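Q: This is the content of start.cif (mmCIF, C-alpha atoms):
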```
data_entry
loop_
_atom_site.label_atom_id
_atom_site.label_comp_id
_atom_site.auth_asym_id
_atom_site.auth_seq_id
_atom_site.Cartn_x
_atom_site.Cartn_y
_atom_site.Cartn_z
CA MET A 314 34.34 -55.92 -31.95
CA ILE A 315 34.26 -52.80 -34.13
CA LYS A 316 33.11 -53.74 -37.62
CA HIS A 317 34.98 -52.65 -40.73
CA TYR A 318 32.22 -50.37 -41.96
CA ASP A 319 32.14 -48.53 -38.62
CA THR A 320 35.79 -47.54 -38.92
CA ALA A 321 35.37 -46.57 -42.57
CA ILE A 322 32.55 -44.22 -41.57
CA ALA A 323 34.70 -42.73 -38.80
CA LEU A 324 37.49 -41.98 -41.26
CA GLY A 325 35.05 -40.50 -43.78
CA GLU A 326 33.51 -38.22 -41.16
CA LYS A 327 36.94 -36.96 -40.14
CA ILE A 328 37.83 -36.16 -43.76
CA ILE A 329 34.52 -34.32 -44.26
CA ALA A 330 35.19 -32.25 -41.12
CA LEU A 331 38.60 -31.27 -42.52
CA LEU A 332 37.08 -30.46 -45.93
CA LYS A 333 34.48 -28.19 -44.33
CA GLY A 334 37.25 -26.12 -42.77
CA SER A 335 39.31 -25.96 -45.95
CA GLU A 336 39.52 -23.76 -49.03
CA TRP A 337 38.01 -26.54 -51.14
CA TRP A 338 34.64 -26.35 -49.37
CA THR A 339 32.71 -23.40 -50.83
CA PRO A 340 29.46 -21.64 -49.83
CA THR A 341 27.68 -23.67 -52.52
CA THR A 342 29.13 -27.04 -51.55
CA ARG A 343 26.42 -29.48 -50.49
CA ILE A 344 26.01 -33.08 -49.48
CA SER A 345 23.58 -34.68 -51.90
CA GLY A 346 22.81 -38.32 -51.18
CA ASN A 347 25.91 -40.42 -51.74
CA THR A 348 28.10 -37.57 -52.94
CA ILE A 349 29.46 -34.17 -51.93
CA GLN A 350 28.97 -31.71 -54.79
CA GLY A 351 30.43 -28.27 -55.53
CA LEU A 352 33.90 -28.75 -54.09
CA THR A 353 36.74 -26.71 -55.54
CA CYS A 354 39.00 -28.90 -57.65
CA PRO A 355 42.52 -28.55 -56.18
CA THR A 356 44.00 -28.96 -59.67
CA CYS A 357 42.05 -26.54 -61.87
CA GLY A 358 40.46 -24.35 -59.18
CA GLU A 359 36.94 -24.65 -60.59
CA LYS A 360 33.92 -25.48 -58.43
CA ALA A 361 33.46 -28.75 -60.26
CA GLY A 362 34.80 -31.19 -57.69
CA TRP A 363 32.87 -33.97 -56.01
CA ALA A 364 33.58 -36.78 -53.54
CA TYR A 365 31.78 -39.81 -52.14
CA THR A 366 30.08 -39.05 -48.84
CA ALA A 367 30.84 -42.39 -47.17
CA SER A 368 34.45 -42.57 -48.37
CA PRO A 369 35.68 -39.13 -49.48
CA LEU A 370 39.21 -40.29 -50.25
CA SER A 371 39.49 -38.15 -53.38
CA ILE A 372 38.12 -34.96 -54.94
CA ASN A 373 37.12 -35.79 -58.50
CA CYS A 374 36.80 -33.06 -61.14
CA ASN A 375 33.66 -33.16 -63.30
CA ARG A 376 35.44 -31.27 -66.09
CA ALA A 377 36.55 -34.47 -67.79
CA ASN A 378 37.83 -32.87 -71.02
CA GLN A 379 39.44 -29.80 -69.41
CA CYS A 380 40.76 -31.33 -66.19
CA GLY A 381 39.34 -34.62 -64.92
CA ALA A 382 41.82 -34.71 -62.04
CA ARG A 383 41.43 -37.08 -59.11
CA THR A 384 43.12 -35.60 -56.04
CA LYS A 385 43.56 -37.77 -52.96
CA THR A 386 42.23 -35.98 -49.90
CA LEU A 387 44.96 -37.52 -47.76
CA GLU A 388 47.49 -35.62 -49.86
CA LEU A 389 45.58 -32.45 -48.95
CA PHE A 390 45.46 -33.38 -45.26
CA PRO A 391 48.69 -35.29 -44.47
CA GLU A 392 48.08 -34.74 -40.76
CA LEU A 393 45.26 -37.29 -40.91
CA ARG A 394 47.57 -40.16 -41.78
CA ARG A 395 50.23 -38.82 -39.44
CA ASN A 396 47.79 -39.05 -36.52
CA ILE A 397 46.30 -42.47 -37.29
CA GLU A 398 47.44 -43.96 -33.98
CA ARG A 399 46.18 -40.96 -32.02
CA ASP A 400 42.82 -40.65 -33.75
CA PHE A 401 42.12 -44.38 -34.00
CA PRO A 402 43.93 -45.98 -31.04
CA ALA A 403 44.08 -49.71 -30.48
CA THR A 404 41.61 -51.10 -27.94
CA LYS A 405 41.14 -54.46 -26.26
CA ALA A 406 38.11 -55.06 -28.47
CA ASP A 407 39.94 -53.94 -31.62
CA PRO A 408 43.72 -54.22 -31.10
CA HIS A 409 44.56 -53.83 -34.79
CA ARG A 410 42.41 -50.76 -35.46
CA PRO A 411 45.33 -48.41 -36.33
CA ALA A 412 46.55 -50.84 -38.98
CA ARG A 413 43.11 -51.15 -40.57
CA GLU A 414 42.56 -47.39 -40.51
CA TYR A 415 45.95 -46.89 -42.16
CA LEU A 416 45.01 -49.27 -44.98
CA LEU A 417 41.70 -47.44 -45.42
CA SER A 418 43.56 -44.13 -45.46
CA ARG A 419 45.57 -45.38 -48.42
CA GLY A 420 42.35 -45.55 -50.41
CA LEU A 421 41.93 -49.32 -50.25
CA PRO A 422 38.28 -50.40 -50.29
CA GLU A 423 36.68 -52.52 -47.60
CA SER A 424 36.27 -55.34 -50.11
CA ILE A 425 40.03 -55.77 -50.53
CA LEU A 426 40.48 -55.93 -46.74
CA SER A 427 38.13 -58.92 -46.59
CA GLY A 428 40.20 -62.02 -45.92
CA LEU A 429 43.40 -59.97 -45.65
CA ALA A 430 45.73 -61.03 -42.84
CA PHE A 431 47.42 -58.12 -41.03
CA TRP A 432 48.12 -56.78 -37.57
CA TYR A 433 49.21 -53.62 -35.77
CA LEU A 434 52.76 -53.39 -34.43
CA LYS A 435 53.49 -50.36 -32.27
CA ASP A 436 56.72 -48.43 -31.69
CA VAL A 437 58.62 -50.14 -34.49
CA ARG A 438 62.39 -50.08 -33.95
CA LYS A 439 61.73 -47.55 -31.17
CA THR A 440 60.80 -44.87 -33.72
CA GLY A 441 57.74 -43.91 -31.68
CA GLY A 442 55.42 -44.93 -34.52
CA GLY A 443 53.70 -48.13 -35.50
CA ALA A 444 53.26 -50.23 -38.61
CA VAL A 445 50.84 -52.51 -40.39
CA MET A 446 52.36 -55.98 -40.66
CA PHE A 447 51.53 -58.82 -43.05
CA PRO A 448 52.38 -62.47 -42.21
CA LEU A 449 54.56 -64.47 -44.61
CA GLY A 450 54.42 -67.88 -42.98
CA LYS A 451 57.31 -69.47 -41.12
CA ASN A 452 60.96 -70.08 -41.90
CA GLU A 453 62.79 -73.42 -41.78
CA GLU A 454 63.17 -73.06 -38.00
CA GLY A 455 59.45 -72.56 -37.49
CA LYS A 456 59.75 -68.85 -36.67
CA ASP A 457 57.17 -66.37 -37.93
CA LEU A 458 58.06 -64.14 -40.86
CA ALA A 459 56.39 -60.85 -41.73
CA ASN A 460 56.77 -57.69 -43.79
CA GLY A 461 55.16 -54.36 -43.04
CA ARG A 462 54.89 -50.65 -43.69
CA LEU A 463 55.53 -47.93 -41.10
CA PHE A 464 52.76 -45.37 -40.74
CA ASN A 465 55.07 -42.37 -40.45
CA PRO A 466 58.64 -43.39 -41.28
CA GLN A 467 61.44 -41.12 -40.18
CA PRO A 468 63.92 -40.00 -42.87
CA ALA A 469 66.68 -42.30 -41.66
CA SER A 470 64.57 -45.25 -40.53
CA GLY A 471 63.22 -46.60 -43.82
CA LYS A 472 59.54 -47.16 -44.56
CA THR A 473 59.40 -50.96 -44.31
CA HIS A 474 59.97 -53.41 -41.48
CA ASN A 475 60.74 -57.12 -41.64
CA ILE A 476 60.41 -59.82 -39.02
CA GLY A 477 62.92 -62.45 -40.13
CA SER A 478 64.44 -62.74 -43.60
CA THR A 479 62.14 -62.30 -46.60
CA ALA A 480 64.78 -63.35 -49.15
CA GLY A 481 63.30 -65.63 -51.79
CA ARG A 482 59.76 -65.08 -50.53
CA TYR A 483 56.76 -63.26 -51.89
CA TRP A 484 53.36 -62.11 -50.62
CA LYS A 485 49.94 -62.79 -52.10
CA HIS A 486 46.49 -61.90 -50.81
CA PRO A 487 45.34 -64.82 -48.61
CA GLY A 488 41.67 -64.08 -49.23
CA ILE A 489 41.83 -64.21 -53.03
CA VAL A 490 41.94 -67.26 -55.31
CA TYR A 491 44.57 -66.49 -57.94
CA ASP A 492 44.06 -67.58 -61.54
CA PRO A 493 47.31 -69.15 -62.87
CA ASN A 494 46.24 -68.28 -66.43
CA LYS A 495 45.66 -64.59 -65.69
CA GLN A 496 48.29 -61.89 -66.02
CA THR A 497 50.02 -61.29 -62.69
CA PHE A 498 51.85 -58.08 -61.83
CA ILE A 499 54.94 -58.34 -59.63
CA THR A 500 55.41 -55.34 -57.34
CA GLU A 501 58.01 -54.36 -54.80
CA GLY A 502 55.70 -53.62 -51.88
CA ILE A 503 52.51 -55.14 -50.52
CA LEU A 504 50.61 -51.85 -50.64
CA ASP A 505 51.36 -51.57 -54.36
CA ALA A 506 50.03 -55.08 -54.89
CA LEU A 507 46.91 -54.28 -52.85
CA SER A 508 46.27 -51.18 -54.96
CA LEU A 509 46.38 -53.27 -58.14
CA LEU A 510 44.15 -55.94 -56.62
CA ALA A 511 41.67 -53.22 -55.65
CA ILE A 512 41.17 -52.27 -59.31
CA GLY A 513 40.71 -55.84 -60.45
CA GLN A 514 44.26 -56.74 -61.43
CA GLN A 515 46.16 -59.74 -60.12
CA ALA A 516 49.35 -58.92 -58.22
CA VAL A 517 51.94 -60.26 -55.79
CA ALA A 518 54.81 -58.51 -53.97
CA VAL A 519 58.45 -59.61 -53.78
CA LEU A 520 58.94 -57.38 -50.70
CA ALA A 521 62.15 -55.54 -51.59
CA ALA A 522 63.52 -53.49 -54.46
CA GLY A 523 66.73 -55.50 -54.30
CA GLN A 524 64.97 -58.85 -54.57
CA ASP A 525 65.45 -60.54 -57.96
CA PRO A 526 62.05 -61.92 -59.06
CA GLY A 527 63.97 -64.53 -61.04
CA LYS A 528 65.15 -66.02 -57.74
CA VAL A 529 61.64 -66.24 -56.32
CA ASP A 530 59.56 -69.34 -57.07
CA LEU A 531 56.54 -67.88 -58.84
CA ALA A 532 55.65 -71.10 -60.65
CA GLU A 533 52.02 -70.99 -59.49
CA PHE A 534 51.53 -67.87 -61.61
#
```
Could you render the structure from this file as structure tokens?

A:
Amino acid sequence: MIKHYDTAIALGEKIIALLKGSEWWTPTTRISGNTIQGLTCPTCGEKAGWAYTASPLSINCNRANQCGARTKTLELFPELRRNIERDFPATKADPHRPAREYLLSRGLPESILSGLAFWYLKDVRKTGGGAVMFPLGKNEEGKDLANGRLFNPQPASGKTHNIGSTAGRYWKHPGIVYDPNKQTFITEGILDALSLLAIGQQAVAVLAAGQDPGKVDLAEF
């Protein structure tokens, strides 16, 4: 079984290789311990950018008062996310690797993936691309329900995919104990909720923009 930190390192190494061949890596750029220093900030153009060596998911500008921008490297290299299934294919030992790599590519930390239930679904709706799927329990007939996000959605295909009806349902992180007295953010999508959880906020997802939160039983929050 490939451990989580192994795949995180693989993704980080691929980003560093792309940075080294880019305009943002300068002759004075250097890897110093846990960080990469001397990168060109894509926002202000100054050689004041830095990134974490193990997880270089953003170039951060040291010029806090003049710029202070945080640019996601996956916005600079969209081909990396586009090729998730090619670069990190599923294996018998790790069948859900593309899904995990996709979540990592969205900037989610390993800590938020701990206890998270998800799986890889390939060739969704015969689009040729896969998705990361999140279980939602079972319906009244005992059939599995799930909601997910396509890796590379086509313009006419939509970016989400449901297995069964998600009407009246919501998603919460199965590996986190929610505090009913703490503020809870209600988001449309699971990835938005995960992003909030990753920065210490409490969040759930109602799974569709058209879903009325007032018709979802959120009494536990």

Q: As a check of understanding, name the residues that the PyMOL selection byres ((chain A and resi 346) around 12) selects in the supplied structure, as an MDAnalysis selection string.

A: chainID A and resid 343:345 347:350 363:367

Q: Hey, which of A:Asn396, A:Thr341, A:Gln379, A:Gln496 ends up closest to Lys360 in chain A? Count all atoms listed in the file.

A: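 Closest candidate: A:Thr341.
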
Q: Going by the chain IDs and residue numbers used in this file, which residues fall under the PyMOL selection byres ((chain A and resi 434-436) around 12)? Write them as a PDB file with C-alpha atoms, in the frame of the given file.

A:
```
ATOM      1  CA  ILE A 397      46.300 -42.470 -37.290  1.00  0.00           C
ATOM      2  CA  GLU A 398      47.440 -43.960 -33.980  1.00  0.00           C
ATOM      3  CA  ARG A 399      46.180 -40.960 -32.020  1.00  0.00           C
ATOM      4  CA  PRO A 402      43.930 -45.980 -31.040  1.00  0.00           C
ATOM      5  CA  ALA A 403      44.080 -49.710 -30.480  1.00  0.00           C
ATOM      6  CA  PRO A 408      43.720 -54.220 -31.100  1.00  0.00           C
ATOM      7  CA  HIS A 409      44.560 -53.830 -34.790  1.00  0.00           C
ATOM      8  CA  ARG A 410      42.410 -50.760 -35.460  1.00  0.00           C
ATOM      9  CA  PRO A 411      45.330 -48.410 -36.330  1.00  0.00           C
ATOM     10  CA  ALA A 412      46.550 -50.840 -38.980  1.00  0.00           C
ATOM     11  CA  ARG A 413      43.110 -51.150 -40.570  1.00  0.00           C
ATOM     12  CA  PHE A 431      47.420 -58.120 -41.030  1.00  0.00           C
ATOM     13  CA  TRP A 432      48.120 -56.780 -37.570  1.00  0.00           C
ATOM     14  CA  TYR A 433      49.210 -53.620 -35.770  1.00  0.00           C
ATOM     15  CA  VAL A 437      58.620 -50.140 -34.490  1.00  0.00           C
ATOM     16  CA  ARG A 438      62.390 -50.080 -33.950  1.00  0.00           C
ATOM     17  CA  LYS A 439      61.730 -47.550 -31.170  1.00  0.00           C
ATOM     18  CA  THR A 440      60.800 -44.870 -33.720  1.00  0.00           C
ATOM     19  CA  GLY A 441      57.740 -43.910 -31.680  1.00  0.00           C
ATOM     20  CA  GLY A 442      55.420 -44.930 -34.520  1.00  0.00           C
ATOM     21  CA  GLY A 443      53.700 -48.130 -35.500  1.00  0.00           C
ATOM     22  CA  ALA A 444      53.260 -50.230 -38.610  1.00  0.00           C
ATOM     23  CA  VAL A 445      50.840 -52.510 -40.390  1.00  0.00           C
ATOM     24  CA  MET A 446      52.360 -55.980 -40.660  1.00  0.00           C
ATOM     25  CA  PHE A 447      51.530 -58.820 -43.050  1.00  0.00           C
ATOM     26  CA  PRO A 448      52.380 -62.470 -42.210  1.00  0.00           C
ATOM     27  CA  ALA A 459      56.390 -60.850 -41.730  1.00  0.00           C
ATOM     28  CA  ASN A 460      56.770 -57.690 -43.790  1.00  0.00           C
ATOM     29  CA  GLY A 461      55.160 -54.360 -43.040  1.00  0.00           C
ATOM     30  CA  ARG A 462      54.890 -50.650 -43.690  1.00  0.00           C
ATOM     31  CA  LEU A 463      55.530 -47.930 -41.100  1.00  0.00           C
ATOM     32  CA  PHE A 464      52.760 -45.370 -40.740  1.00  0.00           C
ATOM     33  CA  ASN A 465      55.070 -42.370 -40.450  1.00  0.00           C
ATOM     34  CA  PRO A 466      58.640 -43.390 -41.280  1.00  0.00           C
ATOM     35  CA  HIS A 474      59.970 -53.410 -41.480  1.00  0.00           C
ATOM     36  CA  ASN A 475      60.740 -57.120 -41.640  1.00  0.00           C
ATOM     37  CA  ILE A 476      60.410 -59.820 -39.020  1.00  0.00           C
TER      38      ILE A 476
END
```

Q: Work out how far apart CA of Gly334 in chain A and CA of Ser418 in chain A are and give it in Å to one decimal.

A: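 Atom-to-atom, CA of Gly334 in chain A and CA of Ser418 in chain A are spaced 19.3 Å apart.
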
Q: Which neighbours of Ala521 in chain A fall inside 10 Å, counting only C-alpha atoms, when residues of the same chain fewer than 6 positions from it are skipped, and could you give them as a list in words?

A: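 Listing them by chain and then by number gives Asn460, Thr473, Thr479, Ala480, Arg482, Tyr483, Thr500, Glu501, Gly502 and Ile503 of chain A.
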
Q: Within 9 Å of Ile499 in chain A, counting all atoms listed in the file, which residues show up once you throw out same-chain ones fewer than 5 positions away? Write them as a list in words, please.

A: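 Contacts, in chain order: Ala506, Gln515, Ala516, Val517, Ala518, Val519 and Pro526 of chain A.
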
Q: Any chance you could export the current selection's C-alpha atoms as an mmCIF file, in the coordinates of the input?

A:
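Saved as result26.cif:
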```cif
data_model
loop_
_atom_site.group_PDB
_atom_site.id
_atom_site.type_symbol
_atom_site.label_atom_id
_atom_site.label_comp_id
_atom_site.auth_asym_id
_atom_site.auth_seq_id
_atom_site.Cartn_x
_atom_site.Cartn_y
_atom_site.Cartn_z
ATOM 1 C CA ALA A 506 50.030 -55.080 -54.890
ATOM 2 C CA GLN A 515 46.160 -59.740 -60.120
ATOM 3 C CA ALA A 516 49.350 -58.920 -58.220
ATOM 4 C CA VAL A 517 51.940 -60.260 -55.790
ATOM 5 C CA ALA A 518 54.810 -58.510 -53.970
ATOM 6 C CA VAL A 519 58.450 -59.610 -53.780
ATOM 7 C CA PRO A 526 62.050 -61.920 -59.060
#
```

Q: Smallest atom-to-atom distance to Glu392 in chain A: which of A:Trp337, A:Leu331, A:Asn378, A:Thr342, using all atoms listed in the file?

A: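 Checking each of A:Trp337, A:Leu331, A:Asn378, A:Thr342 against Glu392 in chain A, counting all atoms listed in the file, the winner is A:Leu331.
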
Q: Which protein, DNA or RNA residues are at most 9 Å from (36.0, -32.7, -59.8) in the file's coordinates when you count all atoms listed in the file, listed as a list of chain:residue names?

A: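 With a cut-off of 9 Å, the residues come to A:Gln350, A:Gly351, A:Leu352, A:Thr353, A:Cys354, A:Pro355, A:Thr356, A:Cys357, A:Glu359, A:Lys360, A:Ala361, A:Gly362, A:Trp363, A:Ala364, A:Ile372, A:Asn373, A:Cys374, A:Asn375, A:Arg376, A:Ala377, A:Cys380, A:Gly381, A:Ala382, A:Arg383, A:Thr384.
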
Q: Could you tell me which of A:Gln524, A:Glu533, A:Leu324, A:Leu458 comes closest to Pro493 in chain A if we count all atoms listed in the file?

A: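 Nearest to Pro493 in chain A: A:Glu533.
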
Q: Distance cut-off 10 Å, centre (41.7, -44.6, -43.1) in file coordinates, counting all atoms listed in the file: which residues qualify? Return them as a ChimeraX atom specification.

A: /A:320-325,327-328,368,370,387,393-394,397,401,410-422

Q: Please report the interatomic distance between CA of Glu326 in chain A and CA of Gly488 in chain A in Å with one decimal.

A: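 Separation of CA of Glu326 in chain A and CA of Gly488 in chain A: 28.3 Å.
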
Q: To one decimal place in Å, what is the distance between CA of Leu531 in chain A and CA of Gly477 in chain A?

A: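 Going from CA of Leu531 in chain A over to CA of Gly477 in chain A, I get 20.5 Å.
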
Q: Could you check which of A:Pro468, A:Ala522, A:Gly428, A:Glu453 is closest to Ile489 in chain A, using only C-alpha atoms?

A: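 Nearest to Ile489 in chain A: A:Gly428.
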
Q: For range 330-354 of chain A, which lacks atoms in the input, supply N, CA and C atoms and format the output as a CSV table (one decimal), keeping the file's coordinate frame.

A:
```csv
chain,number,residue,atom,x,y,z
A,330,ALA,N,35.0,-33.4,-42.1
A,330,ALA,CA,35.2,-32.2,-41.1
A,330,ALA,C,36.4,-31.4,-41.6
A,331,LEU,N,37.4,-32.0,-42.0
A,331,LEU,CA,38.6,-31.3,-42.5
A,331,LEU,C,38.3,-30.5,-43.8
A,332,LEU,N,37.5,-31.1,-44.7
A,332,LEU,CA,37.1,-30.5,-45.9
A,332,LEU,C,36.3,-29.2,-45.6
A,333,LYS,N,35.4,-29.3,-44.7
A,333,LYS,CA,34.5,-28.2,-44.3
A,333,LYS,C,35.3,-27.0,-43.8
A,334,GLY,N,36.4,-27.2,-43.2
A,334,GLY,CA,37.2,-26.1,-42.8
A,334,GLY,C,38.3,-25.7,-43.7
A,335,SER,N,38.3,-26.2,-45.0
A,335,SER,CA,39.3,-26.0,-46.0
A,335,SER,C,38.9,-25.0,-47.1
A,336,GLU,N,39.8,-24.6,-47.9
A,336,GLU,CA,39.5,-23.8,-49.0
A,336,GLU,C,38.7,-24.5,-50.1
A,337,TRP,N,38.7,-25.8,-50.1
A,337,TRP,CA,38.0,-26.5,-51.1
A,337,TRP,C,36.5,-26.7,-50.9
A,338,TRP,N,36.1,-26.3,-49.7
A,338,TRP,CA,34.6,-26.4,-49.4
A,338,TRP,C,34.1,-24.9,-49.6
A,339,THR,N,33.2,-24.7,-50.5
A,339,THR,CA,32.7,-23.4,-50.8
A,339,THR,C,31.3,-23.2,-50.3
A,340,PRO,N,30.8,-21.9,-50.3
A,340,PRO,CA,29.5,-21.6,-49.8
A,340,PRO,C,28.4,-22.4,-50.6
A,341,THR,N,28.7,-22.9,-51.8
A,341,THR,CA,27.7,-23.7,-52.5
A,341,THR,C,27.9,-25.2,-52.4
A,342,THR,N,28.9,-25.6,-51.7
A,342,THR,CA,29.1,-27.0,-51.6
A,342,THR,C,28.0,-27.7,-50.7
A,343,ARG,N,27.5,-28.8,-51.2
A,343,ARG,CA,26.4,-29.5,-50.5
A,343,ARG,C,26.6,-31.0,-50.5
A,344,ILE,N,26.1,-31.6,-49.5
A,344,ILE,CA,26.0,-33.1,-49.5
A,344,ILE,C,24.7,-33.5,-50.1
A,345,SER,N,24.8,-34.3,-51.2
A,345,SER,CA,23.6,-34.7,-51.9
A,345,SER,C,23.6,-36.2,-52.0
A,346,GLY,N,22.9,-36.9,-51.1
A,346,GLY,CA,22.8,-38.3,-51.2
A,346,GLY,C,24.2,-39.0,-50.9
A,347,ASN,N,24.7,-39.7,-51.9
A,347,ASN,CA,25.9,-40.4,-51.7
A,347,ASN,C,27.1,-39.6,-52.1
A,348,THR,N,27.0,-38.4,-52.5
A,348,THR,CA,28.1,-37.6,-52.9
A,348,THR,C,28.1,-36.2,-52.3
A,349,ILE,N,29.3,-35.6,-52.3
A,349,ILE,CA,29.5,-34.2,-51.9
A,349,ILE,C,29.7,-33.4,-53.2
A,350,GLN,N,28.9,-32.4,-53.5
A,350,GLN,CA,29.0,-31.7,-54.8
A,350,GLN,C,29.4,-30.3,-54.6
A,351,GLY,N,30.0,-29.7,-55.6
A,351,GLY,CA,30.4,-28.3,-55.5
A,351,GLY,C,31.7,-28.0,-54.8
A,352,LEU,N,32.6,-29.0,-54.7
A,352,LEU,CA,33.9,-28.8,-54.1
A,352,LEU,C,34.8,-28.1,-55.1
A,353,THR,N,35.8,-27.3,-54.6
A,353,THR,CA,36.7,-26.7,-55.5
A,353,THR,C,37.8,-27.8,-55.9
A,354,CYS,N,38.0,-27.9,-57.2
A,354,CYS,CA,39.0,-28.9,-57.6
A,354,CYS,C,40.4,-28.3,-57.3
```
